[in-house]
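Visitor: Dumping the structure here so I can ask a few things about it.
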Amino acid sequence: MTDEAHRPSIADIFLVFFRIGLLSFGGGLSGWVFREVVLLRGWLDEDEFMSGLAMGQMLPGANITNLAVYIGQKLRGALGAAAAFMGLLSGPFFAVIALAGVYVLLRRYAYFAPAMDGVAASAIGLMFIVAGRGVRRAARHPTALAALIATFVGVGLLHLSLPLVAAGVGTLSVIAAWRRSAGDER
Amino acid sequence: MKDDIPLALIAVFVPFSLVSIGGGTSVIAGIQHEAVDVRHWLTAREFIDLFAISRAAPGPGSMLSTLIGWHLWGWPGALIATLALFLPSSLICYGVALIWRRHRGKRWHTALEQGLAPVGIGLVLAGALSVLRIGSNGPLSFIIAFGSAGLLSWRPRLHPLLLFLIGGTIFIVYHALSAAQPGS
């Protein structure tokens with residue numbers, strides 16, 4: 001592999017996901033991953049990230065561990081996937097148990113809950129950055145934009161079953177992309 | 001009794017790992033039913049506390065399973081419950097990712113990639129909306145979320161923890177002000 005020098009090491013992968021796991025308060029983890037892996041380090045391009053994100057959401061399991069496994073696998077195979085998986089979960093593992101120890105004390109403090117709500121709301125801002133990029137990419141093709149909107153309306157507003165919407169809209173969207181690519185073939 | 005705990009944790013969490021399509025939050029109600037009503041591992045009140053803790057802590061929301069394992073059997077329980085919930089789905093994902101990368105560059109691969117990407121983004125937006133709805137602060141949550149997104153696109157290298165600090169502070173101030181208002 002000629003790009004060997006640019007590939008992150010197993011330790012790099014572990015450390016980046018360890019940091020993401022430990023700092024990702026209030027959800028919005030995919031936003032953190034996008035920032036650390038695509039924006040700051042360029043380990044993946046946007047297309048690879050977006051399709052990994054979609055795959056992670058359609059397969060069973062927490063979206064974020066799936067995304068970590070997908071990225072780790074892409075960068076360094078099985079060891080990379082294991083490093084990303086353990087890096088992502090080991091920090092929160094100890095953090096959540098430590099928090100359980102002091103939770104009774106924190107709960108008495110009236111401002112704890114609103115502070116957490118505020119943190120969660122700003123974490124959503126991170127997700128909006130990813131979504132903004134995705135919307136801009138989708139806007140290049142009317143069918144892609146339609147698929148994006150249909151998914152959001154179906155799951156977010158109408159509360160239809162997520163697997164059903166993802167499978168239905170996903171199939172139509174993939175067929176549209178297939179047809180689109182017919183013109184590109186040499 | 002203790003001998004049964006590892007097996008019981010595996011029996012409860014592995015199936016949830018395999019059906020949790022759409023992310024960890026989709027199986028929380030199921031875990032609650034199994035842990036509280038069926039197995040009586042904890043009371044409904046304790047479950048709600050653990051749920052709140054897992055939301056306040058960093059990491060995926062489904063770290064709730066870690067806390068249930070911890071509650072039942074300390075460190076080994078926490079480890080077994082975490083692996084039982086996260087490992088099976090991750091192995092599936094690994095297998096799919098492996099096949100996925102082997103076929104890179106083929107036409108159907110590109111079509112899948114480009115067709116699924118907008119669906120993924122739609123799901124991210126739907127997920128963001130549902131998190132914003134959980135908080136009881138309505139419009140303020142939306143303002144903070146859009147505000148922090150705006151700040152981040154203006155200054156991409158701004159550290160997110162700084163945004164979290166600002167968001168948390170604004171919520172505390174808002175909470176303090178509305179509590180001070182008479183009649184509310």
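So you can find residues: chains in the structure tokens are A, B, ... in the order shown, residues in each start at 1, and ligands are numbered from 1 in order.
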What's the 8 Å shell around region 170-173 of chain A, counting only C-alpha atoms, without same-chain residues fewer than 5 positions away, as a list in words?

Guide: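 The neighbour list is Thr143, Ala144, Ala147 and Val165 of chain A; Gly115, Leu116 and Val119 of chain B.
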
Visitor: Write to file, as a PDB file, in the first residue's frame, the residues of the selection just made, with N, CA and C atoms.

Guide:
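Below is the file result_25.pdb, written as the result:
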```pdb
ATOM      1  N   THR A 143     -33.900  13.413  -6.682  1.00  0.00           N
ATOM      2  CA  THR A 143     -34.377  12.190  -6.039  1.00  0.00           C
ATOM      3  C   THR A 143     -33.720  11.996  -4.672  1.00  0.00           C
ATOM      4  N   ALA A 144     -32.430  12.365  -4.578  1.00  0.00           N
ATOM      5  CA  ALA A 144     -31.739  12.240  -3.294  1.00  0.00           C
ATOM      6  C   ALA A 144     -32.368  13.168  -2.261  1.00  0.00           C
ATOM      7  N   ALA A 147     -35.605  11.744  -1.126  1.00  0.00           N
ATOM      8  CA  ALA A 147     -35.417  10.632  -0.195  1.00  0.00           C
ATOM      9  C   ALA A 147     -35.110  11.149   1.201  1.00  0.00           C
ATOM     10  N   VAL A 165     -39.531   2.636   7.054  1.00  0.00           N
ATOM     11  CA  VAL A 165     -39.257   3.832   6.249  1.00  0.00           C
ATOM     12  C   VAL A 165     -37.883   3.723   5.598  1.00  0.00           C
TER      13      VAL A 165
ATOM     14  N   GLY B 115     -27.396   6.195  -2.796  1.00  0.00           N
ATOM     15  CA  GLY B 115     -28.826   6.097  -2.492  1.00  0.00           C
ATOM     16  C   GLY B 115     -29.094   6.114  -0.999  1.00  0.00           C
ATOM     17  N   LEU B 116     -28.185   5.516  -0.222  1.00  0.00           N
ATOM     18  CA  LEU B 116     -28.415   5.423   1.224  1.00  0.00           C
ATOM     19  C   LEU B 116     -28.027   6.697   1.980  1.00  0.00           C
ATOM     20  N   VAL B 119     -30.821   8.963   3.029  1.00  0.00           N
ATOM     21  CA  VAL B 119     -31.667   8.318   4.042  1.00  0.00           C
ATOM     22  C   VAL B 119     -31.000   8.461   5.421  1.00  0.00           C
TER      23      VAL B 119
END
```

Visitor: Which residues are near Leu85 (chain B)? Cut-off 9 Å, only C-alpha atoms, ignore same chain within fewer than 2 positions. Put them as a list in words.

Guide: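 Using only C-alpha atoms, the neighbours found are Gly61 of chain A; Ile10, Val12, Phe13, Val14, Pro15, Phe16, Ser17, Leu18, Ser62, Met63, Ser65, Thr66, Ile80, Ala81, Thr82, Leu83, Leu87, Pro88 and Ser89 of chain B.
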
Visitor: Nearest to chain A among B:Ala44, B:Ala84, B:Gly105, B:Val19, with distances taken over only C-alpha atoms: which residue is it?

Guide: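 Between B:Ala44, B:Ala84, B:Gly105, B:Val19, the residue approaching chain A most closely is B:Val19.
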
Visitor: Contacts of Arg35 (chain A) at 12 Å or less, counting only C-alpha atoms, minus same-chain residues fewer than 5 places along, as a ChimeraX atom specification?

Guide: /A:16-17,19-20,24,28-30,40-46,49,126-130,133 /B:152-153,156-160

Visitor: Please produce a file of the residues just selected, as a PDB file, in the first residue's frame, where the atoms kept are C-alpha atoms.

Guide:
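The resulting file, selection_7.pdb, is shown below:
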```
ATOM      1  CA  VAL A  16      -9.554   9.341  18.690  1.00  0.00           C
ATOM      2  CA  PHE A  17     -12.577   7.187  19.512  1.00  0.00           C
ATOM      3  CA  ARG A  19     -11.841  11.001  23.080  1.00  0.00           C
ATOM      4  CA  ILE A  20     -15.099  11.003  21.130  1.00  0.00           C
ATOM      5  CA  SER A  24     -19.743  13.262  23.712  1.00  0.00           C
ATOM      6  CA  GLY A  28     -24.859  14.053  18.923  1.00  0.00           C
ATOM      7  CA  LEU A  29     -22.083  11.504  18.664  1.00  0.00           C
ATOM      8  CA  SER A  30     -22.203  11.265  14.889  1.00  0.00           C
ATOM      9  CA  LEU A  40      -9.990  17.468  11.369  1.00  0.00           C
ATOM     10  CA  ARG A  41      -8.134  14.341  10.194  1.00  0.00           C
ATOM     11  CA  GLY A  42      -9.395  13.519   6.708  1.00  0.00           C
ATOM     12  CA  TRP A  43      -9.346   9.777   7.374  1.00  0.00           C
ATOM     13  CA  LEU A  44     -12.571   9.374   5.384  1.00  0.00           C
ATOM     14  CA  ASP A  45     -14.174  11.446   2.670  1.00  0.00           C
ATOM     15  CA  GLU A  46     -17.711  12.733   3.068  1.00  0.00           C
ATOM     16  CA  PHE A  49     -18.816   8.848   6.038  1.00  0.00           C
ATOM     17  CA  LEU A 126     -23.045  19.249  16.057  1.00  0.00           C
ATOM     18  CA  MET A 127     -25.499  16.923  14.351  1.00  0.00           C
ATOM     19  CA  PHE A 128     -26.919  19.823  12.343  1.00  0.00           C
ATOM     20  CA  ILE A 129     -23.442  20.404  10.895  1.00  0.00           C
ATOM     21  CA  VAL A 130     -23.391  16.832   9.541  1.00  0.00           C
ATOM     22  CA  ARG A 133     -23.419  18.880   4.624  1.00  0.00           C
TER      23      ARG A 133
ATOM     24  CA  LEU B 152     -19.675  25.884  14.458  1.00  0.00           C
ATOM     25  CA  SER B 153     -20.134  26.536  10.757  1.00  0.00           C
ATOM     26  CA  PRO B 156     -15.337  24.984  12.538  1.00  0.00           C
ATOM     27  CA  ARG B 157     -12.388  24.548  14.909  1.00  0.00           C
ATOM     28  CA  LEU B 158     -14.261  25.933  17.891  1.00  0.00           C
ATOM     29  CA  HIS B 159     -14.217  23.267  20.580  1.00  0.00           C
ATOM     30  CA  PRO B 160     -17.661  21.684  21.075  1.00  0.00           C
TER      31      PRO B 160
END
```

Visitor: Write out as a ChimeraX atom specification the residues lying within 12 Å of region 162-178 of chain B, counting only C-alpha atoms and excluding same-chain residues fewer than 5 positions away.

Guide: /A:23-28,109-126 /B:135-152,155-157,183-184

Visitor: Considering only C-alpha atoms, state which residue in the set B:Thr110, B:Gln181, B:Ser130, B:Ser54 is at the smallest distance from Ile97 (chain A).

Guide: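 The closest residue to Ile97 (chain A) is B:Ser54.
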
Visitor: Which one is closest to Val155 (chain A): A:Leu105, A:Leu15, A:Ala84, A:Val169? Count only C-alpha atoms.

Guide: A:Val169

Visitor: Using Å and a single decimal, report how far CA of Phe93 (chain A) sits from CA of Ala128 (chain B).

Guide: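 Interatomic distance, CA of Ala128 (chain B) to CA of Phe93 (chain A): 23.7 Å.
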
Visitor: Can you pull out every residue from region 5-126 of chain A that DSSP, working from the backbone, puts in alpha helix (DSSP H), and format the result as number ranges by chain?

Guide: A: 10-23, 29-33, 46-58, 63-107, 112-126
